[in-house]
Amino acid sequence: MSDEIEAEIPVVETAGAKCTNCDAPFGENDRFCRACGVQLVPPEDENAAYKKWNAIRQLILFFVIEGIICACSFTKAFHTLGWLIFMDVTLAVMAITFVSLNWSICRPLLKWHNFSAGRLVGYCLLAVLASCAVGFAADWINETLFSKRESYTLFFASYKHPILLCIIFTAIAPAIFEELAFRVFLLGKLLVVLEKNQAVFLSAFMFGIMHMSFISLIWLIPFGLWVGFIRIRQNTMWYGSCIHFCFNFTVCISEIWQTSYHH
Amino acid sequence: MEESITDPIAQEGVECPACAARATTGDAFCNGCGYPLNGTEKDQRMFLSVRDAKAIDLDAAHKKIRRASTALFVIGALTAVSGFALYAVSKNPETKNSILITNLILGAIYTGLGFWCKIKPLAAIISGLSLYALVFILNAVVNPLTIVGGIIFKIIIIGMFINGIKSAIEAEKIKKELNV
């Protein structure tokens, strides 16, 4: 349906091309025929406009549903493991639904074409370092401004297997489903409407604000930009997924270590 | 247009009277905007008047974009002010600080987006609208009464954003057509 999404403008044949109206040859950057004045790059057809509006509608729907679920997960009434599982499953189902609705855009991103172990290790190390830096900064900010520590592990402490739960819900699930939702679906659809840099920025911005903690935007937006550009350059979601996993896993481990240390 | 200068055929050309492109002397039409270089005076006048009409549309679009950027500044200022107000009124010392800081950060983001609107209007306004919508959703989930509070103001602001987004798309399209 929309395989040529990544190509920016439907550029007419370049070298040695001829005007469709008068057969005069034209250069690569010509927008109008030098001989007859006909416009060479056709203005956007109906189909492209329809695709854009369709993309915008899907983006709004996605954003609103995602926003409501995330907003619920931040209200006290829903702070139980049952609700957490329910919401994570809903987010996962939603990500999968939107991805399968746009299978033709998303399918290439689910493959790992140019796997390079060296690059992967490099990215993962960077992610771990960034996570440590962010962890220290976040603790410092929380202690100085709000004189308290935020902790994910405390939430799981009252249940069985707190460490396992923490790793599943804060490291594994986001690495797969947030990446599917934001880097595969959202960024893919934004690219239909916007040019590359703006689309990557918006996907990072929306990814950041969805976390509903406005101080963490300071690192969430750069993180989203980094992963977004990697997704564009490598044309696969899996580098991003691994980076996301390493980042969150480091946070998780350092919190487990800190809580056990304090006890 | 930068590219057409590096184009070897266009180098010795004359400058197009309508756009910034250079056309080869033998060309009947400008390759950048379609201006009839060898056309009659009437043809050329017709072409320029159509171009002027598009330039007027572009102006109108810019005006709507500016309105959206004003909306961003207004929300930014209101968010910051309400942050201080809530800080002064609040009796809970634990949430006091975080309310003030959250509001100040939000205000700063809106203001930043307002300035960014001058460079990349489309991305800036969509960001602003999505942030505004998300804060609305968050407030609505925590306290459903906030949906009705100031509803007319909210509708006006959202209307300005949506018009701004439409105009930004329109402006990008016209700029491409005009080759400016």
# chains A, B, ... in the order shown; residues from 1 in each chain; ligands from 1
$ residues_around --residues "B:Met160" --least-positions-apart "2" --cutoff "10 Å" --atoms "only C-alpha atoms" --output "list of chain:residue names"
B:Lys64, B:Ile65, B:Arg66, B:Arg67, B:Ala68, B:Ser69, B:Thr70, B:Ala71, B:Leu72, B:Ile125, B:Leu129, B:Lys154, B:Ile155, B:Ile156, B:Ile157, B:Ile158, B:Ile162, B:Asn163, B:Gly164, B:Ile165, B:Lys166
$ select_by_dssp --residues "stretch 11-111 of chain B" --states "alpha helix (DSSP H)" --output "CSV table (one decimal) with N, CA and C atoms, in the first residue's frame"
chain,number,residue,atom,x,y,z
B,41,GLU,N,4.4,39.9,-23.0
B,41,GLU,CA,4.4,40.7,-21.8
B,41,GLU,C,3.1,40.3,-21.0
B,42,LYS,N,2.0,40.0,-21.7
B,42,LYS,CA,0.8,39.6,-21.1
B,42,LYS,C,0.9,38.3,-20.3
B,43,ASP,N,1.6,37.3,-21.0
B,43,ASP,CA,1.8,36.0,-20.3
B,43,ASP,C,2.6,36.3,-19.0
B,44,GLN,N,3.7,37.1,-19.1
B,44,GLN,CA,4.5,37.3,-18.0
B,44,GLN,C,3.8,38.0,-16.8
B,45,ARG,N,2.9,39.0,-17.2
B,45,ARG,CA,2.1,39.7,-16.2
B,45,ARG,C,1.1,38.7,-15.5
B,46,MET,N,0.5,37.9,-16.3
B,46,MET,CA,-0.4,36.9,-15.8
B,46,MET,C,0.3,36.0,-14.8
B,47,PHE,N,1.5,35.5,-15.2
B,47,PHE,CA,2.3,34.6,-14.3
B,47,PHE,C,2.6,35.3,-13.0
B,48,LEU,N,3.0,36.6,-13.1
B,48,LEU,CA,3.4,37.3,-11.9
B,48,LEU,C,2.2,37.5,-11.0
B,49,SER,N,1.0,37.7,-11.5
B,49,SER,CA,-0.1,38.0,-10.7
B,49,SER,C,-0.6,36.7,-10.0
B,50,VAL,N,-0.5,35.6,-10.7
B,50,VAL,CA,-0.8,34.3,-10.0
B,50,VAL,C,0.2,34.1,-8.8
B,51,ARG,N,1.5,34.4,-9.1
B,51,ARG,CA,2.5,34.3,-8.1
B,51,ARG,C,2.2,35.2,-6.9
B,52,ASP,N,1.8,36.4,-7.2
B,52,ASP,CA,1.5,37.4,-6.1
B,52,ASP,C,0.3,36.8,-5.2
B,53,ALA,N,-0.7,36.2,-5.9
B,53,ALA,CA,-1.8,35.7,-5.2
B,53,ALA,C,-1.3,34.6,-4.2
B,54,LYS,N,-0.4,33.8,-4.7
B,54,LYS,CA,0.1,32.7,-3.8
B,54,LYS,C,0.9,33.3,-2.7
B,55,ALA,N,1.7,34.4,-3.0
B,55,ALA,CA,2.4,35.1,-1.9
B,55,ALA,C,1.5,35.7,-0.8
B,56,ILE,N,0.3,36.1,-1.3
B,56,ILE,CA,-0.6,36.6,-0.3
B,56,ILE,C,-1.1,35.5,0.6
B,57,ASP,N,-1.4,34.3,0.0
B,57,ASP,CA,-1.8,33.1,0.8
B,57,ASP,C,-0.7,32.8,1.8
B,58,LEU,N,0.5,32.9,1.3
B,58,LEU,CA,1.7,32.6,2.2
B,58,LEU,C,1.7,33.5,3.4
B,59,ASP,N,1.4,34.8,3.2
B,59,ASP,CA,1.3,35.8,4.2
B,59,ASP,C,0.3,35.4,5.2
B,60,ALA,N,-0.9,35.1,4.7
B,60,ALA,CA,-2.0,34.7,5.6
B,60,ALA,C,-1.7,33.5,6.4
B,61,ALA,N,-1.0,32.5,5.8
B,61,ALA,CA,-0.6,31.3,6.6
B,61,ALA,C,0.4,31.7,7.7
B,62,HIS,N,1.4,32.6,7.3
B,62,HIS,CA,2.3,33.1,8.4
B,62,HIS,C,1.6,33.8,9.5
B,63,LYS,N,0.6,34.5,9.2
B,63,LYS,CA,-0.2,35.2,10.3
B,63,LYS,C,-0.8,34.2,11.2
B,64,LYS,N,-1.4,33.1,10.7
B,64,LYS,CA,-2.0,32.1,11.5
B,64,LYS,C,-0.9,31.4,12.4
B,65,ILE,N,0.3,31.2,11.7
B,65,ILE,CA,1.4,30.5,12.5
B,65,ILE,C,1.8,31.4,13.7
B,66,ARG,N,1.8,32.7,13.4
B,66,ARG,CA,2.2,33.6,14.5
B,66,ARG,C,1.2,33.6,15.6
B,67,ARG,N,-0.1,33.5,15.2
B,67,ARG,CA,-1.1,33.4,16.2
B,67,ARG,C,-0.9,32.1,17.1
B,68,ALA,N,-0.6,31.0,16.5
B,68,ALA,CA,-0.3,29.8,17.2
B,68,ALA,C,0.9,30.0,18.2
B,69,SER,N,1.9,30.7,17.7
B,69,SER,CA,3.1,30.9,18.5
B,69,SER,C,2.7,31.8,19.7
B,70,THR,N,1.8,32.8,19.5
B,70,THR,CA,1.3,33.7,20.6
B,70,THR,C,0.6,32.8,21.6
B,71,ALA,N,-0.2,31.8,21.1
B,71,ALA,CA,-0.9,30.9,22.0
B,71,ALA,C,0.1,30.2,22.9
B,72,LEU,N,1.2,29.8,22.3
B,72,LEU,CA,2.2,29.0,23.0
B,72,LEU,C,2.8,29.9,24.1
B,73,PHE,N,3.1,31.2,23.8
B,73,PHE,CA,3.6,32.1,24.8
B,73,PHE,C,2.6,32.3,25.9
B,74,VAL,N,1.3,32.5,25.5
B,74,VAL,CA,0.3,32.8,26.5
B,74,VAL,C,0.2,31.6,27.5
B,75,ILE,N,0.1,30.4,26.9
B,75,ILE,CA,0.0,29.2,27.8
B,75,ILE,C,1.2,29.1,28.7
B,76,GLY,N,2.4,29.3,28.1
B,76,GLY,CA,3.6,29.3,28.9
B,76,GLY,C,3.6,30.2,30.1
B,77,ALA,N,3.2,31.5,29.8
B,77,ALA,CA,3.1,32.4,30.9
B,77,ALA,C,2.0,32.0,32.0
B,78,LEU,N,0.9,31.6,31.5
B,78,LEU,CA,-0.2,31.2,32.4
B,78,LEU,C,0.2,30.0,33.3
B,79,THR,N,0.9,29.0,32.7
B,79,THR,CA,1.4,27.9,33.4
B,79,THR,C,2.3,28.3,34.5
B,80,ALA,N,3.3,29.2,34.1
B,80,ALA,CA,4.3,29.6,35.1
B,80,ALA,C,3.6,30.4,36.3
B,81,VAL,N,2.7,31.3,35.9
B,81,VAL,CA,2.0,32.1,36.9
B,81,VAL,C,1.1,31.2,37.8
B,82,SER,N,0.4,30.2,37.2
B,82,SER,CA,-0.4,29.3,38.1
B,82,SER,C,0.4,28.5,39.0
B,83,GLY,N,1.7,28.2,38.5
B,83,GLY,CA,2.6,27.5,39.4
B,83,GLY,C,2.9,28.2,40.6
B,84,PHE,N,3.2,29.5,40.5
B,84,PHE,CA,3.5,30.4,41.6
B,84,PHE,C,2.2,30.5,42.5
B,85,ALA,N,1.1,30.7,41.9
B,85,ALA,CA,-0.2,30.8,42.6
B,85,ALA,C,-0.4,29.6,43.5
B,86,LEU,N,-0.3,28.4,42.8
B,86,LEU,CA,-0.6,27.1,43.6
B,86,LEU,C,0.5,27.0,44.7
B,87,TYR,N,1.7,27.4,44.4
B,87,TYR,CA,2.7,27.3,45.5
B,87,TYR,C,2.4,28.1,46.7
B,88,ALA,N,1.8,29.3,46.4
B,88,ALA,CA,1.5,30.2,47.5
B,88,ALA,C,0.3,29.7,48.3
B,89,VAL,N,-0.7,29.1,47.5
B,89,VAL,CA,-1.9,28.7,48.2
B,89,VAL,C,-1.7,27.3,48.9
B,93,PRO,N,3.5,20.9,52.3
B,93,PRO,CA,4.9,21.3,52.0
B,93,PRO,C,5.6,20.2,51.1
B,94,GLU,N,5.1,19.0,51.1
B,94,GLU,CA,5.7,18.0,50.2
B,94,GLU,C,5.4,18.2,48.7
B,95,THR,N,4.2,18.5,48.4
B,95,THR,CA,3.8,18.6,47.0
B,95,THR,C,4.1,20.0,46.5
B,96,LYS,N,4.2,21.0,47.4
B,96,LYS,CA,4.4,22.4,47.0
B,96,LYS,C,5.5,22.6,46.0
B,97,ASN,N,6.7,22.1,46.4
B,97,ASN,CA,7.8,22.3,45.5
B,97,ASN,C,7.7,21.6,44.1
B,98,SER,N,7.2,20.4,44.1
B,98,SER,CA,7.1,19.7,42.9
B,98,SER,C,6.1,20.3,42.0
B,99,ILE,N,5.0,20.9,42.6
B,99,ILE,CA,4.0,21.6,41.7
B,99,ILE,C,4.6,22.8,41.1
B,100,LEU,N,5.3,23.6,41.9
B,100,LEU,CA,6.0,24.8,41.3
B,100,LEU,C,7.0,24.4,40.2
B,101,ILE,N,7.8,23.4,40.5
B,101,ILE,CA,8.9,23.1,39.5
B,101,ILE,C,8.3,22.5,38.2
B,102,THR,N,7.3,21.6,38.4
B,102,THR,CA,6.6,21.1,37.2
B,102,THR,C,6.0,22.2,36.4
B,103,ASN,N,5.3,23.1,37.0
B,103,ASN,CA,4.7,24.2,36.3
B,103,ASN,C,5.7,25.1,35.6
B,104,LEU,N,6.8,25.3,36.3
B,104,LEU,CA,7.9,26.2,35.7
B,104,LEU,C,8.5,25.5,34.5
B,105,ILE,N,8.7,24.2,34.6
B,105,ILE,CA,9.3,23.5,33.4
B,105,ILE,C,8.3,23.5,32.3
B,106,LEU,N,7.1,23.2,32.6
B,106,LEU,CA,6.1,23.2,31.5
B,106,LEU,C,6.0,24.6,30.8
B,107,GLY,N,6.0,25.6,31.7
B,107,GLY,CA,6.0,27.0,31.1
B,107,GLY,C,7.2,27.2,30.2
B,108,ALA,N,8.4,26.8,30.7
B,108,ALA,CA,9.6,27.0,29.9
B,108,ALA,C,9.5,26.2,28.6
B,109,ILE,N,8.9,25.0,28.6
B,109,ILE,CA,8.8,24.2,27.4
B,109,ILE,C,7.9,25.0,26.4
B,110,TYR,N,6.7,25.4,26.9
B,110,TYR,CA,5.8,26.1,26.0
B,110,TYR,C,6.5,27.4,25.4
B,111,THR,N,7.2,28.1,26.2
B,111,THR,CA,7.8,29.3,25.7
B,111,THR,C,8.9,29.0,24.7
$ interface_residues --of "chain A" --to "chain B" --cutoff "9 Å" --atoms "only C-alpha atoms" --output "PyMOL selection string"
chain A and resi 26-39+43+60+63-64+67-68+70-72+74-75+145-147+194+198-199+201-202+205-206+209-210+212-215
$ closest_residue --among "A:Asn47, A:Lys76, A:Glu143, A:Leu59" --to "A:Ser203" --atoms "only C-alpha atoms"
A:Leu59
$ closest_residue --among "A:Leu81, A:Ala55, A:Ala157, A:Ile253" --to "A:Ala171" --atoms "only C-alpha atoms"
A:Ile253
